[in-house]
Amino acid sequence: MNSINFLRINDRYLALQIKIYSNLIMLNKDNFLTQITGKEIYKSFKKNDLSQKNLQKPFFVHFKLKKPISKKKIQEFNPHFSCKQINFKKKYQKKNLKIYQDCRPSTKKDRFEILKICKENTSSSRFVKDNFFRKLLKYPLRYYWLENSFRNKSGKFLIVCLKNKKIGGFCLLQKIKKKLNINIICTSKKFSNQKIGSSIIAYVNNKIMKKYKIHLYAGTQDYNTHALSFYKKNKFIHMSTNYIYHIKNKGNK
């Protein structure tokens with residue numbers, strides 16, 4: 001075999017390998033969830049990733065999609081948890097909004113009280129409502145999320161709301177380019193229905209949104225009627241809906 005034919009064969013083999021590799025769909029590991037649970041956990045935002053090739057090993061994968069999957073796919077992959085995520089947007093207002101309770105940026109001294117509120121059994125997170133995932137953690141997911149934010153503060157704001165000089169609730173926000181996202185907003189059970197959350201939203205508008213001239217974004221699950229009512233009451237606009245699916249391989253029990 002001369003060198004030219006060898007190169008041609010080698011090129012065809014290489015092209016075939018590239019084609020095979022490109023057809024394999026690679027899931028992204030969710031490093032944060034993997035770290036706090038000790039399990040192999042993956043995430044995806046693409047419907048095409050829902051493939052038997054991807055679901056051979058025992059692990060947990062959560063999908064956030066723009067469109068629902070078909071009934072055929074539901075039967076094939078049998079998600080053990082599913083819901084809709086309702087996404088909201090609130091435009092910043094030049095006029096200051098009314099703040100009913102005192103709010104301020106958090107300090108190091110607030111850490112214990114904030115984490116204590118995180119442990120309360122009030123979370124409606126999909127990772128809490130998912131019975132399989134909930135067993136992997138001692139506390140609600142927001143506890144670990146907030147702990148992680150104390151170590152990585154880049155672009156983040158943590159606001160607390162006070163009632164009778166005690167922390168009644170808090171909000172963790174993250175600024176990404178021209179968006180301000182609510183990562184967590186939480187009120188202690190002791191201070192429910194005392195305009196803690198609304199005061200935080202007003203404070204964020206007056207102090208942060210106006211400063212950067214950016215809008216505020218939030219998301220919650222369709223079954224969380226309390227949160228849906230809260231966002232509508234505080235003049236958030238429904239922007240879009242995502243479809244959530246949690247799938248665990250048969251190797252996971």
# chains A, B, ... in the order shown; residues from 1 in each chain; ligands from 1

call {"tool": "select_by_dssp", "arguments": {"residues": "stretch 17-110 of chain A", "states": "strand (DSSP E)", "output": "JSON, numbers by chain"}}
result
{"A": [28, 29, 41, 42, 43, 44, 60, 61, 62, 63, 64, 65, 81, 82, 83, 84, 85, 86, 87, 88, 89, 90, 102, 103, 104, 105]}

call {"tool": "select_by_dssp", "arguments": {"residues": "stretch 6-252 of chain A", "states": "helix (DSSP H, G or I)", "output": "JSON, numbers by chain"}}
result
{"A": [6, 7, 8, 9, 10, 11, 12, 13, 14, 15, 16, 17, 18, 19, 20, 21, 22, 23, 31, 32, 33, 34, 35, 36, 37, 47, 48, 49, 52, 53, 54, 71, 72, 73, 74, 75, 76, 77, 108, 109, 110, 111, 112, 113, 114, 115, 116, 117, 118, 126, 127, 128, 129, 131, 132, 133, 134, 141, 142, 143, 144, 145, 146, 147, 148, 149, 150, 151, 189, 190, 191, 196, 197, 198, 199, 200, 201, 202, 203, 204, 205, 206, 207, 208, 209, 210, 211, 212, 225, 226, 227, 228, 229, 230, 231, 232, 233]}

call {"tool": "write_last_selection", "arguments": {"atoms": "C-alpha atoms", "output": "short mmCIF file (atom, residue, chain, number, x, y, z; two decimals), in the first residue's frame"}}
result
data_model
loop_
_atom_site.label_atom_id
_atom_site.label_comp_id
_atom_site.auth_asym_id
_atom_site.auth_seq_id
_atom_site.Cartn_x
_atom_site.Cartn_y
_atom_site.Cartn_z
CA PHE A 6 -2.83 4.89 3.39
CA LEU A 7 -3.56 8.56 4.01
CA ARG A 8 -6.92 8.28 2.26
CA ILE A 9 -7.93 5.27 4.36
CA ASN A 10 -6.70 6.99 7.51
CA ASP A 11 -8.67 10.13 6.66
CA ARG A 12 -11.86 8.10 6.09
CA TYR A 13 -11.35 6.34 9.43
CA LEU A 14 -10.81 9.66 11.20
CA ALA A 15 -13.91 11.16 9.56
CA LEU A 16 -15.95 8.13 10.69
CA GLN A 17 -14.70 8.49 14.26
CA ILE A 18 -15.60 12.20 14.29
CA LYS A 19 -19.09 11.39 12.98
CA ILE A 20 -19.63 8.71 15.65
CA TYR A 21 -18.37 11.03 18.40
CA SER A 22 -20.55 13.91 17.20
CA ASN A 23 -23.63 11.66 17.39
CA ASN A 31 -20.99 19.93 39.87
CA PHE A 32 -22.78 21.64 42.75
CA LEU A 33 -25.42 18.94 43.25
CA THR A 34 -22.85 16.21 42.75
CA GLN A 35 -20.65 17.75 45.43
CA ILE A 36 -23.34 18.13 48.10
CA THR A 37 -24.98 14.73 47.51
CA LYS A 47 -34.56 17.76 24.56
CA ASN A 48 -32.15 15.82 22.30
CA ASP A 49 -30.16 14.83 25.39
CA GLN A 52 -31.02 5.92 26.00
CA LYS A 53 -27.31 6.35 25.25
CA ASN A 54 -27.19 8.94 28.01
CA LYS A 71 -46.20 11.01 25.78
CA LYS A 72 -44.04 8.38 24.07
CA LYS A 73 -40.92 9.79 25.75
CA ILE A 74 -42.76 9.94 29.08
CA GLN A 75 -43.54 6.24 28.81
CA GLU A 76 -40.01 5.40 27.65
CA PHE A 77 -38.08 7.25 30.36
CA LYS A 108 -21.24 38.29 58.67
CA LYS A 109 -23.17 38.40 61.95
CA ASP A 110 -26.37 37.47 60.09
CA ARG A 111 -25.05 34.19 58.77
CA PHE A 112 -26.28 31.95 61.62
CA GLU A 113 -29.81 33.38 61.59
CA ILE A 114 -30.11 33.17 57.81
CA LEU A 115 -28.98 29.55 57.71
CA LYS A 116 -31.38 28.79 60.54
CA ILE A 117 -34.27 30.09 58.42
CA CYS A 118 -33.01 27.94 55.52
CA ARG A 126 -38.55 20.94 43.12
CA PHE A 127 -35.55 19.27 44.74
CA VAL A 128 -37.47 19.17 48.02
CA LYS A 129 -40.73 17.95 46.47
CA ASN A 131 -38.92 12.40 47.21
CA PHE A 132 -35.85 10.67 45.77
CA PHE A 133 -33.62 13.74 45.80
CA ARG A 134 -34.86 14.96 49.19
CA LEU A 141 -31.29 22.61 49.03
CA ARG A 142 -31.39 26.36 49.71
CA TYR A 143 -29.26 25.79 52.85
CA TYR A 144 -26.37 24.41 50.78
CA TRP A 145 -26.92 26.98 48.03
CA LEU A 146 -26.60 29.79 50.53
CA GLU A 147 -23.56 28.25 52.20
CA ASN A 148 -21.90 28.08 48.80
CA SER A 149 -22.74 31.73 48.12
CA PHE A 150 -20.86 32.78 51.27
CA ARG A 151 -17.72 31.33 49.68
CA LYS A 189 -42.48 30.95 59.50
CA LYS A 190 -42.55 33.27 62.52
CA PHE A 191 -42.93 36.31 60.27
CA ILE A 196 -41.33 40.68 54.59
CA GLY A 197 -41.04 39.54 50.97
CA SER A 198 -42.72 42.64 49.53
CA SER A 199 -40.40 44.87 51.55
CA ILE A 200 -37.39 43.05 50.14
CA ILE A 201 -38.65 43.46 46.57
CA ALA A 202 -39.22 47.19 47.16
CA TYR A 203 -35.75 47.58 48.69
CA VAL A 204 -34.16 45.76 45.75
CA ASN A 205 -35.95 48.06 43.32
CA ASN A 206 -34.99 51.23 45.18
CA LYS A 207 -31.36 50.35 45.91
CA ILE A 208 -30.12 47.88 43.30
CA MET A 209 -32.36 47.83 40.24
CA LYS A 210 -32.37 51.61 39.94
CA LYS A 211 -28.62 51.84 40.45
CA TYR A 212 -27.81 49.45 37.61
CA THR A 225 -49.49 28.83 44.56
CA HIS A 226 -48.16 31.01 47.38
CA ALA A 227 -45.14 32.13 45.33
CA LEU A 228 -47.23 32.62 42.18
CA SER A 229 -49.58 34.89 44.12
CA PHE A 230 -46.63 36.76 45.67
CA TYR A 231 -45.00 37.57 42.32
CA LYS A 232 -48.28 38.68 40.75
CA LYS A 233 -49.06 40.88 43.77
#

call {"tool": "atom_distance", "arguments": {"atom1": "atom CA of A:Val61", "atom2": "atom CA of A:Leu216"}}
result
28.3 Å

call {"tool": "closest_residue", "arguments": {"among": "A:Lys195, A:Thr122, A:Asn78, A:Phe60", "to": "A:Asn234", "atoms": "only C-alpha atoms"}}
result
A:Lys195

call {"tool": "atom_distance", "arguments": {"atom1": "atom CA of A:Lys163", "atom2": "atom CA of A:Ser124"}}
result
23.4 Å

call {"tool": "residues_around", "arguments": {"residues": "stretch 235-240 of chain A", "least_positions_apart": "2", "cutoff": "8 Å", "atoms": "only C-alpha atoms", "output": "list in words"}}
result
Ile86, Asn87, Phe88, Lys89, Lys90, Lys91, Tyr231, Lys232, Lys233 and Asn242 of chain A

call {"tool": "atom_distance", "arguments": {"atom1": "atom CA of A:Ile244", "atom2": "atom CA of A:Ile184"}}
result
18.4 Å

call {"tool": "closest_residue", "arguments": {"among": "A:Ser188, A:Lys119, A:Asn181, A:Lys153", "to": "A:Leu137", "atoms": "only C-alpha atoms"}}
result
A:Lys119

call {"tool": "residues_around", "arguments": {"residues": "A:Leu27", "least_positions_apart": "4", "cutoff": "10 Å", "atoms": "only C-alpha atoms", "output": "list of chain:residue names"}}
result
A:Ile41, A:Tyr42, A:Lys43, A:Ser44, A:Phe45, A:Lys46, A:Asp49, A:Leu50, A:Asn54, A:Leu55, A:Val61

call {"tool": "write_last_selection", "arguments": {"atoms": "N, CA and C atoms", "output": "short mmCIF file (atom, residue, chain, number, x, y, z; two decimals), in the first residue's frame"}}
result
data_model
loop_
_atom_site.label_atom_id
_atom_site.label_comp_id
_atom_site.auth_asym_id
_atom_site.auth_seq_id
_atom_site.Cartn_x
_atom_site.Cartn_y
_atom_site.Cartn_z
N ILE A 41 -24.72 13.44 39.39
CA ILE A 41 -25.91 14.17 38.99
C ILE A 41 -25.61 15.04 37.77
N TYR A 42 -26.50 14.99 36.81
CA TYR A 42 -26.30 15.70 35.55
C TYR A 42 -27.49 16.63 35.27
N LYS A 43 -27.27 17.56 34.37
CA LYS A 43 -28.32 18.51 34.01
C LYS A 43 -28.32 18.71 32.50
N SER A 44 -29.46 19.13 31.98
CA SER A 44 -29.53 19.40 30.56
C SER A 44 -30.66 20.38 30.27
N PHE A 45 -30.47 21.19 29.23
CA PHE A 45 -31.49 22.12 28.76
C PHE A 45 -31.92 21.76 27.33
N LYS A 46 -31.52 20.57 26.87
CA LYS A 46 -31.79 20.17 25.49
C LYS A 46 -32.62 18.89 25.45
N ASP A 49 -30.98 15.56 24.41
CA ASP A 49 -30.16 14.83 25.39
C ASP A 49 -30.94 13.69 26.05
N LEU A 50 -32.24 13.68 25.85
CA LEU A 50 -33.06 12.62 26.42
C LEU A 50 -32.92 11.39 25.52
N ASN A 54 -27.60 8.11 26.87
CA ASN A 54 -27.19 8.94 28.01
C ASN A 54 -27.61 8.36 29.35
N LEU A 55 -28.50 7.40 29.32
CA LEU A 55 -29.10 6.94 30.57
C LEU A 55 -28.80 5.47 30.85
N VAL A 61 -30.56 12.70 36.60
CA VAL A 61 -30.44 13.80 35.66
C VAL A 61 -31.69 14.66 35.73
#

call {"tool": "closest_residue", "arguments": {"among": "A:Pro68, A:Gly38, A:Gly168, A:Gly219", "to": "A:Cys103", "atoms": "only C-alpha atoms"}}
result
A:Gly168

call {"tool": "closest_residue", "arguments": {"among": "A:Lys29, A:Leu162, A:Asn224, A:Lys213", "to": "A:Ile99", "atoms": "only C-alpha atoms"}}
result
A:Leu162

call {"tool": "closest_residue", "arguments": {"among": "A:Ser125, A:Asn183, A:Ser154, A:Gln101", "to": "A:Gly169", "atoms": "only C-alpha atoms"}}
result
A:Gln101

call {"tool": "residues_around", "arguments": {"residues": "A:Ile214", "least_positions_apart": "6", "cutoff": "8 Å", "atoms": "only C-alpha atoms", "output": "PyMOL selection string"}}
result
chain A and resi 91-92+178-180

call {"tool": "write_last_selection", "arguments": {"atoms": "C-alpha atoms", "output": "compact mmCIF listing (two decimals), in the first residue's frame"}}
result
# COMPACT_ATOMS: atom_id res chain seq x y z
CA LYS A 91 -39.20 46.08 35.45
CA TYR A 92 -37.34 48.53 37.63
CA LYS A 178 -27.90 43.05 32.47
CA LYS A 179 -30.10 40.74 34.53
CA LEU A 180 -30.73 40.55 38.26

call {"tool": "closest_residue", "arguments": {"among": "A:Asn96, A:Ser106, A:Ser51, A:Gln85", "to": "A:Lys64", "atoms": "only C-alpha atoms"}}
result
A:Gln85

call {"tool": "residues_around", "arguments": {"residues": "A:Cys171", "least_positions_apart": "2", "cutoff": "7 Å", "atoms": "only C-alpha atoms", "output": "compact mmCIF listing (two decimals) with C-alpha atoms, in the first residue's frame"}}
result
# COMPACT_ATOMS: atom_id res chain seq x y z
CA LEU A 158 -27.75 39.13 50.06
CA ILE A 159 -30.50 41.28 51.55
CA VAL A 160 -32.14 40.75 54.93
CA LEU A 173 -29.71 37.79 44.21
CA ILE A 184 -33.58 32.47 46.87
CA ILE A 185 -36.24 34.51 48.61
CA CYS A 186 -37.38 33.19 51.94
